[in-house]
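Here is the structure we will look at.
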Amino acid sequence: MINRAIAFIYIAFIASSSMVFYPVALLIWTLTIIFDRRLVLLHQFTCFWASLYTWLMPAWFFTIEGRSRIRRKQPYIIVSNHQSQLDILAAFRLFVPFKWVSKAEVFRLPFIGWNMVLNGYIRLVRGDKQSIRNMMTACEAALQKGCSIFMFPEGTRSRTGILKPFKPGAFILAHRMKLPLLPVVINGTREALPKYSLNFHGKHRIRISVLEEIPYRSFKHLSVEETALLVHRKISRCVEA
């Protein structure tokens with residue numbers, strides 16, 4: 001009962017605070033859209049907005065490793081394992097400019113989804129071939145502007161923590177755009193917020209690890225499938241199932 005009460009209060013805080021933060025995001029967008037073509041300032045505010053929900057949860061202890069490896073002016077295709085909805089908040093703790101690829105229904109959420117639209121994040125309707133084509137076109141346009149793209153190549157959350165096979169989209173982009181891949185590993189979120197659960201699950205340590213980037217020259221001779229397997233192996237070695 002106590003855990004459910006904590007979860008209810010936490011969700012209520014997210015909902016109510018989003019009504020406050022969204023107008024601020026809209027103001028930032030209005031004032032910066034002319035000169036900030038990558039919307040970096042708005043994204044940084046969004047990182048603060050999302051990170052606040054982890055900073056204010058004392059039961060979640062976050063550590064970030066390897067952030068210094070990220071070259072901020074280098075556009076990447078960032079790929080990460082996916083175990084929980086909490087992974088999204090965890091990724092924002094990196095405070096690195098990127099565009100999310102996210103399922104289309106999230107963009108319809110009041111305030112949070114509207115802010116995703118402001119940020120120019122990229123929507124995807126699962127299983128819709130035209131949506132996939134549109135997503136790839138939008139990703140290429142963002143990468144050409146110098147924006148990184150953040151994707152969960154498993155496509156959906158793993159209930160067991162065991163890394164699922166990777167879908168090819170991120171690796172097609174890396175080959176097509178001749179850009180480096182940046183693997184990120186998130187551990188601890190599955191226990192803190194399991195799939196299909198909105199309950200509170202006590203104290204947990206969550207670790208975000210930025211691995212060494214994989215330059216294009218190291219996989220340009222590989223096929224898309226071989227590249228996906230290469231990155232899958234690197235991430236799976238660091239995932240705590």
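In the structure tokens, chains take the letters A, B, ... in the order shown, each chain's residues start at 1, and ligands count up from 1 in the order shown.
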Next item on the list: Find the residues near Phe150 of chain A: any atom within 10 Å, counting only C-alpha atoms, skip ones fewer than 3 places away on the same chain, and give them as a list of chain:residue names.
Entry: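 My list of contacting residues is A:Tyr76, A:Ile77, A:Ile78, A:Val79, A:Ser80, A:Ala91, A:Pro97, A:Phe98, A:Lys99, A:Trp100, A:Val101, A:Ser102, A:Tyr121, A:Ile122, A:Cys139, A:Cys147, A:Pro153, A:Ala170, A:Leu182, A:Pro183, A:Val184.
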Next item on the list: Extract, using only C-alpha atoms, all DNA, RNA and protein residues at most 12 Å from Arg123 of chain A, discarding same-chain residues fewer than 4 positions from it, and format them as a VMD selection string.
Entry: chain A and resid 99 to 108 113 116 to 117 119 128 130 to 139 151
Check: For Thr30 of chain A, which of A:Tyr216, A:Ala228, A:Ser236, A:Leu118 is the closest residue, counting only C-alpha atoms?
Finding: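 Under the stated criterion, the closest residue is A:Leu118.
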Excluding same-chain residues fewer than 2 positions from segment 49-64 of chain A, what lies within 10 Å of it counting only C-alpha atoms, as a CSV table (one decimal) with N, CA and C atoms, in the first residue's frame?
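Result file is out-v4.csv:
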```csv
chain,number,residue,atom,x,y,z
A,10,TYR,N,4.2,10.3,-7.0
A,10,TYR,CA,5.3,10.6,-7.9
A,10,TYR,C,4.7,10.9,-9.3
A,11,ILE,N,3.7,10.1,-9.7
A,11,ILE,CA,3.1,10.3,-11.0
A,11,ILE,C,2.3,11.6,-11.0
A,13,PHE,N,3.0,14.2,-9.3
A,13,PHE,CA,4.0,15.3,-9.4
A,13,PHE,C,4.5,15.5,-10.8
A,14,ILE,N,4.7,14.4,-11.5
A,14,ILE,CA,5.1,14.5,-12.9
A,14,ILE,C,4.1,15.3,-13.7
A,17,SER,N,3.7,19.1,-12.5
A,17,SER,CA,4.9,19.9,-12.9
A,17,SER,C,5.1,20.1,-14.4
A,18,SER,N,4.6,19.1,-15.1
A,18,SER,CA,4.7,19.2,-16.6
A,18,SER,C,3.8,20.4,-17.1
A,21,PHE,N,6.3,23.3,-16.6
A,21,PHE,CA,7.5,23.3,-17.4
A,21,PHE,C,7.2,23.5,-18.9
A,22,TYR,N,6.0,23.0,-19.4
A,22,TYR,CA,5.7,23.1,-20.8
A,22,TYR,C,5.7,24.5,-21.3
A,25,ALA,N,9.2,25.7,-21.8
A,25,ALA,CA,9.7,25.1,-23.0
A,25,ALA,C,9.2,25.8,-24.2
A,43,HIS,N,16.6,21.4,-25.9
A,43,HIS,CA,16.8,20.0,-25.4
A,43,HIS,C,17.5,20.0,-24.1
A,44,GLN,N,18.4,21.0,-23.8
A,44,GLN,CA,19.1,21.0,-22.5
A,44,GLN,C,18.1,21.3,-21.4
A,45,PHE,N,17.1,22.2,-21.7
A,45,PHE,CA,16.0,22.4,-20.7
A,45,PHE,C,15.2,21.1,-20.5
A,46,THR,N,15.0,20.4,-21.6
A,46,THR,CA,14.2,19.2,-21.5
A,46,THR,C,15.0,18.1,-20.7
A,47,CYS,N,16.4,18.1,-20.8
A,47,CYS,CA,17.2,17.3,-20.0
A,47,CYS,C,17.0,17.6,-18.5
A,66,GLY,N,31.8,7.5,-18.3
A,66,GLY,CA,32.2,7.6,-19.6
A,66,GLY,C,31.6,8.8,-20.4
A,67,ARG,N,31.0,9.7,-19.6
A,67,ARG,CA,30.4,10.9,-20.3
A,67,ARG,C,31.4,11.7,-21.0
A,86,LEU,N,11.9,4.0,-17.5
A,86,LEU,CA,12.9,4.8,-16.8
A,86,LEU,C,14.2,5.1,-17.6
A,88,ILE,N,14.4,6.3,-20.4
A,88,ILE,CA,14.3,7.6,-21.1
A,88,ILE,C,14.8,8.7,-20.1
A,89,LEU,N,14.3,8.7,-18.9
A,89,LEU,CA,14.8,9.7,-17.9
A,89,LEU,C,16.3,9.5,-17.7
A,90,ALA,N,16.7,8.3,-17.7
A,90,ALA,CA,18.2,8.0,-17.4
A,90,ALA,C,19.0,8.6,-18.6
A,91,ALA,N,18.6,8.4,-19.8
A,91,ALA,CA,19.3,9.0,-21.0
A,91,ALA,C,19.4,10.5,-20.9
A,92,PHE,N,18.4,11.1,-20.5
A,92,PHE,CA,18.4,12.6,-20.4
A,92,PHE,C,19.5,13.1,-19.4
A,93,ARG,N,19.9,12.2,-18.4
A,93,ARG,CA,20.9,12.6,-17.5
A,93,ARG,C,22.3,12.8,-18.1
A,94,LEU,N,22.4,12.4,-19.4
A,94,LEU,CA,23.7,12.6,-20.1
A,94,LEU,C,23.9,14.1,-20.5
A,95,PHE,N,22.7,14.8,-20.6
A,95,PHE,CA,22.8,16.3,-21.0
A,95,PHE,C,23.6,16.4,-22.3
A,112,ILE,N,4.1,16.7,-22.0
A,112,ILE,CA,5.4,16.0,-22.3
A,112,ILE,C,5.5,15.6,-23.8
A,186,ILE,N,22.5,0.9,-20.0
A,186,ILE,CA,21.7,1.4,-18.9
A,186,ILE,C,21.4,0.1,-18.0
A,187,ASN,N,21.9,0.1,-16.8
A,187,ASN,CA,21.6,-1.0,-15.9
A,187,ASN,C,20.9,-0.5,-14.6
A,188,GLY,N,20.0,-1.3,-14.1
A,188,GLY,CA,19.3,-1.1,-12.9
A,188,GLY,C,17.9,-0.6,-13.0
A,189,THR,N,17.5,-0.1,-14.2
A,189,THR,CA,16.2,0.5,-14.4
A,189,THR,C,15.1,-0.6,-14.4
A,192,ALA,N,14.0,-1.1,-10.9
A,192,ALA,CA,13.4,0.1,-10.3
A,192,ALA,C,12.0,0.3,-10.9
A,200,PHE,N,6.0,1.6,-7.2
A,200,PHE,CA,7.3,1.9,-6.6
A,200,PHE,C,7.9,0.6,-6.1
A,201,HIS,N,9.2,0.5,-6.4
A,201,HIS,CA,9.9,-0.8,-6.1
A,201,HIS,C,11.1,-0.6,-5.2
A,202,GLY,N,11.1,0.4,-4.3
A,202,GLY,CA,12.2,0.5,-3.4
A,202,GLY,C,13.5,1.1,-3.9
A,203,LYS,N,14.6,0.9,-3.2
A,203,LYS,CA,15.9,1.5,-3.5
A,203,LYS,C,16.6,0.7,-4.6
A,204,HIS,N,17.2,1.5,-5.6
A,204,HIS,CA,17.9,0.8,-6.6
A,204,HIS,C,19.0,1.7,-7.1
A,205,ARG,N,20.1,1.1,-7.5
A,205,ARG,CA,21.2,1.8,-8.1
A,205,ARG,C,21.1,1.6,-9.6
A,206,ILE,N,21.2,2.8,-10.3
A,206,ILE,CA,21.1,2.8,-11.8
A,206,ILE,C,22.4,3.4,-12.3
A,207,ARG,N,22.9,2.6,-13.3
A,207,ARG,CA,24.2,3.0,-13.9
A,207,ARG,C,24.1,3.2,-15.4
A,208,ILE,N,24.5,4.4,-15.8
A,208,ILE,CA,24.5,4.7,-17.2
A,208,ILE,C,26.0,4.7,-17.7
A,209,SER,N,26.3,3.9,-18.6
A,209,SER,CA,27.7,3.8,-19.1
A,209,SER,C,27.8,4.1,-20.6
A,210,VAL,N,28.6,5.1,-20.9
A,210,VAL,CA,28.9,5.5,-22.3
A,210,VAL,C,30.2,4.7,-22.7
```
Note to self: When DSSP is applied to the backbone of this structure, which of segment 151-221 of chain A are assigned alpha helix (DSSP H)? Write them out as a ChimeraX atom specification.
What the structure shows: /A:169-177,189-192
Next item on the list: Would you kindly return, as JSON, numbers by chain, each protein, DNA or RNA residue with an atom no farther than 10 Å from any atom of Arg176 of chain A, considering only C-alpha atoms and excluding same-chain residues fewer than 6 positions away?
Entry: {"A": [140, 170, 220, 224]}
For the residues selected in the previous step, produce a file with N, CA and C atoms as a short mmCIF file (atom, residue, chain, number, x, y, z; two decimals), in the first residue's frame.
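Listed below is the output, result13.cif:
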```cif
data_model
loop_
_atom_site.label_atom_id
_atom_site.label_comp_id
_atom_site.auth_asym_id
_atom_site.auth_seq_id
_atom_site.Cartn_x
_atom_site.Cartn_y
_atom_site.Cartn_z
N GLU A 140 17.87 11.26 -41.11
CA GLU A 140 18.93 11.73 -42.00
C GLU A 140 18.99 13.25 -42.02
N ALA A 170 19.05 1.76 -37.02
CA ALA A 170 20.18 2.58 -36.57
C ALA A 170 21.43 2.31 -37.39
N LYS A 220 32.77 0.05 -41.82
CA LYS A 220 32.33 0.36 -43.18
C LYS A 220 32.41 -0.86 -44.11
N VAL A 224 25.12 -4.32 -42.85
CA VAL A 224 24.27 -3.76 -41.79
C VAL A 224 24.06 -4.79 -40.70
#
```
Check: Out of segment 78-201 of chain A, which residues get strand (DSSP E or B) from DSSP, as a ChimeraX atom specification?
Finding: /A:78-80,99-103,122-124,149-151,181-187
Include N, CA and C atoms and write out the residues we just selected as a compact mmCIF listing (two decimals), in the first residue's frame.
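File part-v9.txt, as written:
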```txt
# COMPACT_ATOMS: atom_id res chain seq x y z
N ILE A 78 23.30 7.14 -31.55
CA ILE A 78 23.44 6.61 -30.19
C ILE A 78 22.48 5.43 -30.04
N VAL A 79 23.00 4.30 -29.59
CA VAL A 79 22.17 3.11 -29.42
C VAL A 79 22.32 2.58 -28.00
N SER A 80 21.20 2.15 -27.42
CA SER A 80 21.20 1.71 -26.03
C SER A 80 20.29 0.51 -25.86
N LYS A 99 18.27 13.78 -30.81
CA LYS A 99 16.86 13.65 -31.14
C LYS A 99 16.43 12.22 -30.85
N TRP A 100 15.37 12.07 -30.09
CA TRP A 100 14.81 10.75 -29.84
C TRP A 100 14.09 10.22 -31.06
N VAL A 101 14.12 8.91 -31.23
CA VAL A 101 13.15 8.22 -32.07
C VAL A 101 12.21 7.50 -31.11
N SER A 102 10.92 7.85 -31.16
CA SER A 102 9.97 7.34 -30.18
C SER A 102 8.66 6.97 -30.85
N LYS A 103 7.93 6.06 -30.23
CA LYS A 103 6.66 5.63 -30.80
C LYS A 103 5.68 6.80 -30.83
N ILE A 122 11.61 12.51 -33.20
CA ILE A 122 11.14 11.82 -34.41
C ILE A 122 10.20 10.68 -34.03
N ARG A 123 9.00 10.70 -34.62
CA ARG A 123 7.99 9.71 -34.26
C ARG A 123 8.03 8.52 -35.21
N LEU A 124 7.57 7.39 -34.67
CA LEU A 124 7.54 6.15 -35.44
C LEU A 124 6.30 5.36 -35.09
N ILE A 149 21.23 11.14 -33.08
CA ILE A 149 19.98 10.42 -33.00
C ILE A 149 20.12 9.36 -31.91
N PHE A 150 19.11 9.26 -31.04
CA PHE A 150 19.13 8.26 -29.96
C PHE A 150 18.05 7.22 -30.26
N MET A 151 18.47 5.94 -30.33
CA MET A 151 17.53 4.87 -30.65
C MET A 151 17.73 3.69 -29.69
N LEU A 181 28.94 5.22 -34.42
CA LEU A 181 27.94 4.72 -33.49
C LEU A 181 28.44 4.93 -32.07
N LEU A 182 27.53 5.28 -31.17
CA LEU A 182 27.91 5.48 -29.77
C LEU A 182 27.05 4.56 -28.90
N PRO A 183 27.61 3.45 -28.40
CA PRO A 183 26.84 2.54 -27.55
C PRO A 183 26.71 3.09 -26.12
N VAL A 184 25.51 2.97 -25.59
CA VAL A 184 25.23 3.36 -24.21
C VAL A 184 24.56 2.17 -23.51
N VAL A 185 24.97 1.89 -22.29
CA VAL A 185 24.40 0.77 -21.53
C VAL A 185 23.75 1.33 -20.27
N ILE A 186 22.50 0.92 -20.04
CA ILE A 186 21.75 1.36 -18.86
C ILE A 186 21.44 0.13 -18.03
N ASN A 187 21.88 0.13 -16.78
CA ASN A 187 21.62 -0.98 -15.86
C ASN A 187 20.87 -0.50 -14.62
```
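If you measure from each of A:Phe171, A:Phe35, A:Phe111, A:Phe166 to Met19 of chain A using only C-alpha atoms, the closest one turns out to be A:Phe111.
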Check: Which neighbours of Lys73 of chain A fall inside 12 Å, counting only C-alpha atoms, when residues of the same chain fewer than 6 positions from it are skipped, and could you give them as a PyMOL selection string?
Finding: chain A and resi 38+40+96-98+143+145-148
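Atom pair atom CA of Leu211 of chain A / atom CA of Cys238 of chain A has a distance of 9.3 Å (rounded to one decimal).
Across A:Lys167, A:His82, A:Arg69, A:Arg233, the tightest approach to Arg190 of chain A is made by A:His82 when counting only C-alpha atoms.
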